[in-house]
Protein chains: 2
Amino acid sequence: MPNAPEIYLLGGYQTDFARNWTKENKHFSALMRESVHGALEACDIAPQEVESAHVGNFAAELYCMQGHLGAFFTEAHPAFSGLPTARHEAACASGSIALLAAGAEIEAGRYDLQAVVGIEQMKTVDAGTGGNYLGTAAWYEDEAQGIEFPFPKLFGRLGDEYDRRYGLKDEHLAEISRLNYDNAKRNPNAQTRTWYMNREHALSRGDDNPAVGGRIRISDCSQVTDGAVCVFLASRAFAERYAHGAGRRLEEIPRIKGWGHNTARLRFDDKVAESATQRYVLPHVRSTITAAQARAGIEGVAGVDGIETHDCFTTSEYMAIDHFGITEPGESWKAIEESWLEIGGRHPINPSGGLIGAGHPVGATGVRQVLDAWKQVTGQAGDYQIEGARTIQTLNIGGSGTTSVSFVVGL
Amino acid sequence: MPNAPEIYLLGGYQTDFARNWTKENKHFSALMRESVHGALEACDIAPQEVESAHVGNFAAELYCMQGHLGAFFTEAHPAFSGLPTARHEAACASGSIALLAAGAEIEAGRYDLQAVVGIEQMKTVDAGTGGNYLGTAAWYEDEAQGIEFPFPKLFGRLGDEYDRRYGLKDEHLAEISRLNYDNAKRNPNAQTRTWYMNREHALSRGDDNPAVGGRIRISDCSQVTDGAVCVFLASRAFAERYAHGAGRRLEEIPRIKGWGHNTARLRFDDKVAESATQRYVLPHVRSTITAAQARAGIEGVAGVDGIETHDCFTTSEYMAIDHFGITEPGESWKAIEESWLEIGGRHPINPSGGLIGAGHPVGATGVRQVLDAWKQVTGQAGDYQIEGARTIQTLNIGGSGTTSVSFVVGL
């Protein structure tokens with residue numbers, strides 16, 4: 001295992017995930033621009049200081065008929081003309097892949113200050129078309145073509161697999177939904193902050209909460225949206241100057257202290273077949289989490305004060321609970337029943353509201369998680385602050401548990 | 001300027017760019033698999049040795065209705081399950097962007113052996129549809145929407161700009177086309193190796209060589225195709241073991257000795273307006289070339305034995321000639337008239353046939369250029385070998401001169 005990374009996280013800016021940029025008649029470039037200018041202002045960084053930029057995006061080719069997305073960073077400010085840029089993709093983990101690429105360039109000594117933008121504009125198409133586009137995050141021909149809303153069905157089967165191995169109750173999934181919606185009400189950038197959801201509603205089976213794929217109901221789903229998040233990563237040299245300029249000590253600047261990254265087989269059936277005799281349903285997700293903890297030098301989940309995880313569906317958060325080691329495999333329900341996952345609980349998950357509550361602009365999510373981790377460890381998470389948080393871990397997943405990336409952010 | 005990189009290039013494999021994988025009824029995953037297995041065999045590397053993989057691809061979402069492309073590397077061999085993978089995009093420079101990301105991770109000490117696959121399957125759609133998809137490499141709404149074959153028109157305007165500043169003759173562009181087709185006949189993987197083209201044909205203006213955009217005729221265009229190229233990048237530690245195992249010295253393994261990377265404004269008009277008072281038509285392309293040379297510690301184009309450049313159209317190679325410093329700005333015609341660009345000439349360009357001759361599977365091109373550079377410096381380029389070549393420089397361009405990446409490969 002290599003040494004802990006030396007990557008400083010200076011902060012950033014998130015757009016309001018409740019906004020619909022198509023209704024506002026605004027182009028992808030405007031979404032990019034708001035996140036970049038917001039981050040420059042929030043971090044008090046001059047455009048001329050930025051040396052390189054990385055864009056995480058899943059499928060603007062489909063949703064926006066636009067590729068070459070790094071170039072839209074260059075367009076965000078005249079000072080950026082000529083800057084090296086790149087776009088990175090691993091389905092719903094695209095934002096984290098961009099962070100990994102930027103961090104590697106800092107560790108390689110190529111640049112001292114990097115912008116990373118996670119961005120997705122998805123409200124350009126109707127729900128059915130968008131659901132079909134999302135199918136390209138799976139093996140499209142085998143798992144999505146001709147299937148209405150393929151991803152709820154795939155993550156429904158994750159629930160089925162838990163049910164088969166250990167048993168799984170709807171009431172525990174409903175609690176996950178309820179908690180994420182509750183937390184989102186505290187988050188001024190959350191998509192669902194004004195929406196209605198409680199445990200009874202999440203458990204209801206009427207027309208107001210229809211099934212969309214197997215055991216997955218509307219209340220179990222995160223919702224796609226439009227959003228962009230820009231953060232700045234820096235070398236130690238830059239972070240020292242930056243801290244000094246702000247009258248702070250280097251130790252007050254959070255770091256990306258550890259990361260993990262794995263890619264499992266693409267088809268859901270292949271993943272589950274591979275894990276049949278193993279301790280975890282998605283063993284490569286488990287490896288990602290433990291690798292990040294090892295690099296950060298922390299001993300398991302007891303070493304983190306909170307988690308921002310990838311609850312694209314309630315079943316993926318249910319999986320995350322035992323994969324993080326909060327419970328033994330198959331016993332995620334215990335953490336739910338004991339209220340460990342609440343903001344004031346023993347293992348807070350998704351104080352932001354997560355994907356279900358905060359919204360899921362696919363390529364932005366991994367960067368949003370890291371920005372929320374930064375807000376927690378700097379005490380700037382407002383009404384969703386975990387008191388005294390110093391270390392937060394993220395988990396960002398692409399496809400049906402295919403690509404997983406985890407970061408440990410801390411002081 | 002940072003120190004020269006320590007990235008070793010072990011070789012790789014290119015698929016035959018004349019093949020049409022749709023006609024062969026083969027999926028994107030088969031194209032990936034052939035390139036990966038071919039590279040493992042060519043380099044005598046066991047699948048278990050590979051630690052991470054990077055995929056360069058422009059727009060499989062549009063051409064193949066498939067994203068999450070890193071995961072298809074994982075599918076190429078059972079030993080790869082769990083490997084960290086990522087996909088990288090910068091339009092036609094996507095392959096080089098994947099190489100940059102992989103190299104940064106090696107320099108950061110994250111991995112010792114990386115696979116990099118450049119891949120594009122484009123013959124899935126008719127020429128008009130494909131041309132429209134390529135428009136997403138430009139600012140689609142402003143430069144491509146509703147325009148038939150937008151890219152020949154954009155690169156036609158690059159010719160117009162040269163004509164306005166310095167004068168430009170069709171006969172010089174025709175010579176570029178002729179030379180690339182001639183060289184491709186020596187390349188057993190070239191798309192056009194059996195096609196007919198000579199200077200007279202390239203100059204002809206009849207139905208057999210129609211205009212497709214401004215001054216650009218069919219003979220001025222590279223042709224999209226299906227193709228994948230896989231190469232292996234290694235740390236010094238791995239390269240030492242690898243060389244030793246093969247009974248060779250480390251000094252016999254080529255390195256990526258330098259790189260450059262810049263992103264200019266996206267719209268062609270903005271680029272040209274920005275450069276109006278400057279010495280080069282595309283100054284950020286010039287910076288990319290000189291940065292790669294500086295990192296490699298070589299003094300200008302005299303320090304390289306040959307060039308693999310991005311001749312998506314004859315005008316882009318015409319631009320490359322003066323931007324590489326082979327002539328003064330605007331005097332590229334001199335190098336053509338003096339036959340400097342021939343394989344036996346003073347400054348050989350595109351011994352492989354380049355994009356016009358070898359074919360242009362968009363995301364594969366940057367990796368193909370680097371593999372051809374490896375073949376040259378190891379004396380394995382067969383009939384298109386530059387005698388005694390020890391240092392080759394590449395130039396890969398995304399969009400209308402927007403993202404540019406250059407590598408210096410050498411011993």
# chains A, B, ... in the order shown; residues from 1 in each chain; ligands from 1
call {"tool": "select_by_dssp", "arguments": {"residues": "stretch 89-138 of chain B", "states": "strand (DSSP E or B)", "output": "list in words"}}
result
Glu89, Ala90, Cys92, Leu113, Gln114, Ala115, Val116, Val117, Gly118, Ile119 and Glu120 of chain B
call {"tool": "write_last_selection", "arguments": {"atoms": "N, CA and C atoms", "output": "PDB file, in the first residue's frame"}}
result
ATOM      1  N   GLU B  89     -11.808  11.479 -21.826  1.00  0.00           N
ATOM      2  CA  GLU B  89     -12.312  12.023 -23.090  1.00  0.00           C
ATOM      3  C   GLU B  89     -11.844  13.447 -23.304  1.00  0.00           C
ATOM      4  N   ALA B  90     -11.355  13.721 -24.486  1.00  0.00           N
ATOM      5  CA  ALA B  90     -11.155  15.088 -24.962  1.00  0.00           C
ATOM      6  C   ALA B  90     -11.278  15.042 -26.480  1.00  0.00           C
ATOM      7  N   CYS B  92     -11.083  14.116 -30.140  1.00  0.00           N
ATOM      8  CA  CYS B  92     -10.132  13.293 -30.904  1.00  0.00           C
ATOM      9  C   CYS B  92      -8.798  13.139 -30.183  1.00  0.00           C
ATOM     10  N   LEU B 113       2.223  -0.908 -13.216  1.00  0.00           N
ATOM     11  CA  LEU B 113       1.941  -1.337 -14.596  1.00  0.00           C
ATOM     12  C   LEU B 113       0.514  -0.960 -14.965  1.00  0.00           C
ATOM     13  N   GLN B 114       0.380  -0.139 -15.985  1.00  0.00           N
ATOM     14  CA  GLN B 114      -0.904   0.352 -16.436  1.00  0.00           C
ATOM     15  C   GLN B 114      -1.158  -0.059 -17.877  1.00  0.00           C
ATOM     16  N   ALA B 115      -2.369  -0.513 -18.154  1.00  0.00           N
ATOM     17  CA  ALA B 115      -2.809  -0.677 -19.539  1.00  0.00           C
ATOM     18  C   ALA B 115      -3.539   0.592 -19.967  1.00  0.00           C
ATOM     19  N   VAL B 116      -3.281   1.033 -21.176  1.00  0.00           N
ATOM     20  CA  VAL B 116      -4.019   2.164 -21.749  1.00  0.00           C
ATOM     21  C   VAL B 116      -4.602   1.717 -23.079  1.00  0.00           C
ATOM     22  N   VAL B 117      -5.912   1.790 -23.192  1.00  0.00           N
ATOM     23  CA  VAL B 117      -6.592   1.381 -24.425  1.00  0.00           C
ATOM     24  C   VAL B 117      -7.243   2.609 -25.049  1.00  0.00           C
ATOM     25  N   GLY B 118      -6.881   2.910 -26.283  1.00  0.00           N
ATOM     26  CA  GLY B 118      -7.623   3.883 -27.087  1.00  0.00           C
ATOM     27  C   GLY B 118      -8.554   3.098 -27.985  1.00  0.00           C
ATOM     28  N   ILE B 119      -9.811   3.476 -28.036  1.00  0.00           N
ATOM     29  CA  ILE B 119     -10.795   2.636 -28.738  1.00  0.00           C
ATOM     30  C   ILE B 119     -11.936   3.482 -29.282  1.00  0.00           C
ATOM     31  N   GLU B 120     -12.386   3.140 -30.485  1.00  0.00           N
ATOM     32  CA  GLU B 120     -13.585   3.763 -31.031  1.00  0.00           C
ATOM     33  C   GLU B 120     -14.193   2.834 -32.072  1.00  0.00           C
TER      34      GLU B 120
END
call {"tool": "interface_residues", "arguments": {"of": "chain A", "to": "chain B", "cutoff": "6 Å", "atoms": "only C-alpha atoms", "output": "ChimeraX atom specification"}}
result
/A:66-68,71,81-84,86-91,104-105,107-108,136-137,261-266,284
call {"tool": "residues_around", "arguments": {"residues": "stretch 42-49 of chain B", "least_positions_apart": "2", "cutoff": "10 Å", "atoms": "only C-alpha atoms", "output": "PyMOL selection string"}}
result
chain B and resi 10-13+36-40+51-52+76-80+112-114+231-232+238+242+246
call {"tool": "atom_distance", "arguments": {"atom1": "atom CA of A:Val409", "atom2": "atom CA of A:Leu355"}}
result
18.8 Å
call {"tool": "select_by_dssp", "arguments": {"residues": "stretch 114-268 of chain B", "states": "helix (DSSP H, G or I)", "output": "PyMOL selection string"}}
result
chain B and resi 127-137+140-143+150-166+170-184+199-203+218-220+236-245+250-252+268
call {"tool": "atom_distance", "arguments": {"atom1": "atom CA of B:Ile7", "atom2": "atom CA of B:Pro254"}}
result
8.8 Å
call {"tool": "residues_around", "arguments": {"residues": "stretch 173-175 of chain B", "least_positions_apart": "3", "cutoff": "7 Å", "atoms": "only C-alpha atoms", "output": "PyMOL selection string"}}
result
chain B and resi 170+178-179+199+202-203+314-315
call {"tool": "write_last_selection", "arguments": {"atoms": "C-alpha atoms", "output": "short mmCIF file (atom, residue, chain, number, x, y, z; two decimals), in the first residue's frame"}}
result
data_model
loop_
_atom_site.label_atom_id
_atom_site.label_comp_id
_atom_site.auth_asym_id
_atom_site.auth_seq_id
_atom_site.Cartn_x
_atom_site.Cartn_y
_atom_site.Cartn_z
CA ASP B 170 -4.08 23.40 -53.11
CA ARG B 178 -0.40 11.87 -51.39
CA LEU B 179 2.38 11.27 -48.86
CA ARG B 199 -1.19 13.83 -56.27
CA ALA B 202 -5.88 14.71 -54.78
CA LEU B 203 -5.81 17.79 -56.99
CA THR B 314 -4.51 18.08 -44.77
CA THR B 315 -4.86 21.56 -43.28
#
call {"tool": "residues_around", "arguments": {"residues": "A:Ala211", "least_positions_apart": "3", "cutoff": "12 Å", "atoms": "only C-alpha atoms", "output": "VMD selection string"}}
result
chain A and resid 149 152 to 153 156 202 to 208 214 to 221
call {"tool": "write_last_selection", "arguments": {"atoms": "N, CA, C and O atoms", "output": "CSV table (one decimal), in the first residue's frame"}}
result
chain,number,residue,atom,x,y,z
A,149,PHE,N,-36.8,1.8,-17.4
A,149,PHE,CA,-36.1,2.1,-16.2
A,149,PHE,C,-35.2,0.9,-15.7
A,149,PHE,O,-35.6,0.2,-14.7
A,152,PRO,N,-33.5,0.9,-11.6
A,152,PRO,CA,-34.3,0.4,-10.4
A,152,PRO,C,-34.4,-1.1,-10.4
A,152,PRO,O,-34.3,-1.7,-9.3
A,153,LYS,N,-34.5,-1.7,-11.6
A,153,LYS,CA,-34.6,-3.2,-11.6
A,153,LYS,C,-33.3,-3.8,-11.1
A,153,LYS,O,-33.3,-4.8,-10.4
A,156,GLY,N,-33.1,-3.3,-7.5
A,156,GLY,CA,-34.1,-4.2,-6.9
A,156,GLY,C,-33.5,-5.5,-6.7
A,156,GLY,O,-33.7,-6.2,-5.7
A,202,ALA,N,-43.2,6.1,2.6
A,202,ALA,CA,-42.2,5.2,1.9
A,202,ALA,C,-42.7,3.8,2.0
A,202,ALA,O,-42.3,3.0,1.1
A,203,LEU,N,-43.5,3.4,2.9
A,203,LEU,CA,-44.0,2.1,3.0
A,203,LEU,C,-45.3,1.8,2.2
A,203,LEU,O,-45.7,0.7,2.0
A,204,SER,N,-45.9,2.9,1.8
A,204,SER,CA,-47.2,2.8,1.1
A,204,SER,C,-47.0,2.2,-0.2
A,204,SER,O,-46.0,2.3,-0.8
A,205,ARG,N,-48.1,1.5,-0.7
A,205,ARG,CA,-48.0,0.8,-1.9
A,205,ARG,C,-49.1,1.2,-2.9
A,205,ARG,O,-49.5,0.5,-3.8
A,206,GLY,N,-49.6,2.4,-2.7
A,206,GLY,CA,-50.7,2.9,-3.6
A,206,GLY,C,-50.1,3.6,-4.8
A,206,GLY,O,-48.9,3.6,-5.1
A,207,ASP,N,-51.0,4.3,-5.5
A,207,ASP,CA,-50.6,5.1,-6.7
A,207,ASP,C,-49.6,6.2,-6.4
A,207,ASP,O,-48.9,6.7,-7.3
A,208,ASP,N,-49.6,6.6,-5.1
A,208,ASP,CA,-48.7,7.7,-4.7
A,208,ASP,C,-47.3,7.2,-4.5
A,208,ASP,O,-46.4,8.0,-4.3
A,214,GLY,N,-39.1,-4.2,-9.8
A,214,GLY,CA,-39.0,-5.2,-8.7
A,214,GLY,C,-39.5,-4.6,-7.4
A,214,GLY,O,-40.5,-4.0,-7.3
A,215,ARG,N,-38.7,-4.7,-6.3
A,215,ARG,CA,-39.1,-4.2,-5.0
A,215,ARG,C,-38.9,-2.7,-4.9
A,215,ARG,O,-39.1,-2.2,-3.8
A,216,ILE,N,-38.3,-2.1,-5.9
A,216,ILE,CA,-38.0,-0.7,-5.8
A,216,ILE,C,-39.2,0.2,-6.1
A,216,ILE,O,-39.8,0.0,-7.2
A,217,ARG,N,-39.6,1.0,-5.2
A,217,ARG,CA,-40.7,2.0,-5.4
A,217,ARG,C,-40.1,3.4,-5.6
A,217,ARG,O,-38.9,3.6,-5.3
A,218,ILE,N,-41.0,4.3,-5.9
A,218,ILE,CA,-40.5,5.7,-6.1
A,218,ILE,C,-39.7,6.2,-4.9
A,218,ILE,O,-38.7,6.8,-5.0
A,219,SER,N,-40.2,5.9,-3.7
A,219,SER,CA,-39.6,6.3,-2.5
A,219,SER,C,-38.2,5.7,-2.3
A,219,SER,O,-37.4,6.3,-1.5
A,220,ASP,N,-37.9,4.7,-3.0
A,220,ASP,CA,-36.6,4.0,-2.8
A,220,ASP,C,-35.5,4.6,-3.8
A,220,ASP,O,-34.4,4.3,-3.7
A,221,CYS,N,-36.0,5.5,-4.7
A,221,CYS,CA,-35.1,6.0,-5.7
A,221,CYS,C,-34.5,7.4,-5.4
A,221,CYS,O,-35.3,8.2,-4.9
call {"tool": "closest_residue", "arguments": {"among": "A:Tyr8, A:Phe324, A:Tyr318, A:Phe151", "to": "A:Ile336", "atoms": "only C-alpha atoms"}}
result
A:Tyr318
call {"tool": "closest_residue", "arguments": {"among": "A:Leu371, A:Ala127, A:Val281, A:Leu154", "to": "A:Arg255", "atoms": "only C-alpha atoms"}}
result
A:Leu371
call {"tool": "residues_around", "arguments": {"residues": "A:Tyr196", "least_positions_apart": "4", "cutoff": "10 Å", "atoms": "only C-alpha atoms", "output": "number ranges by chain"}}
result
A: 178, 181-182, 185, 192, 201
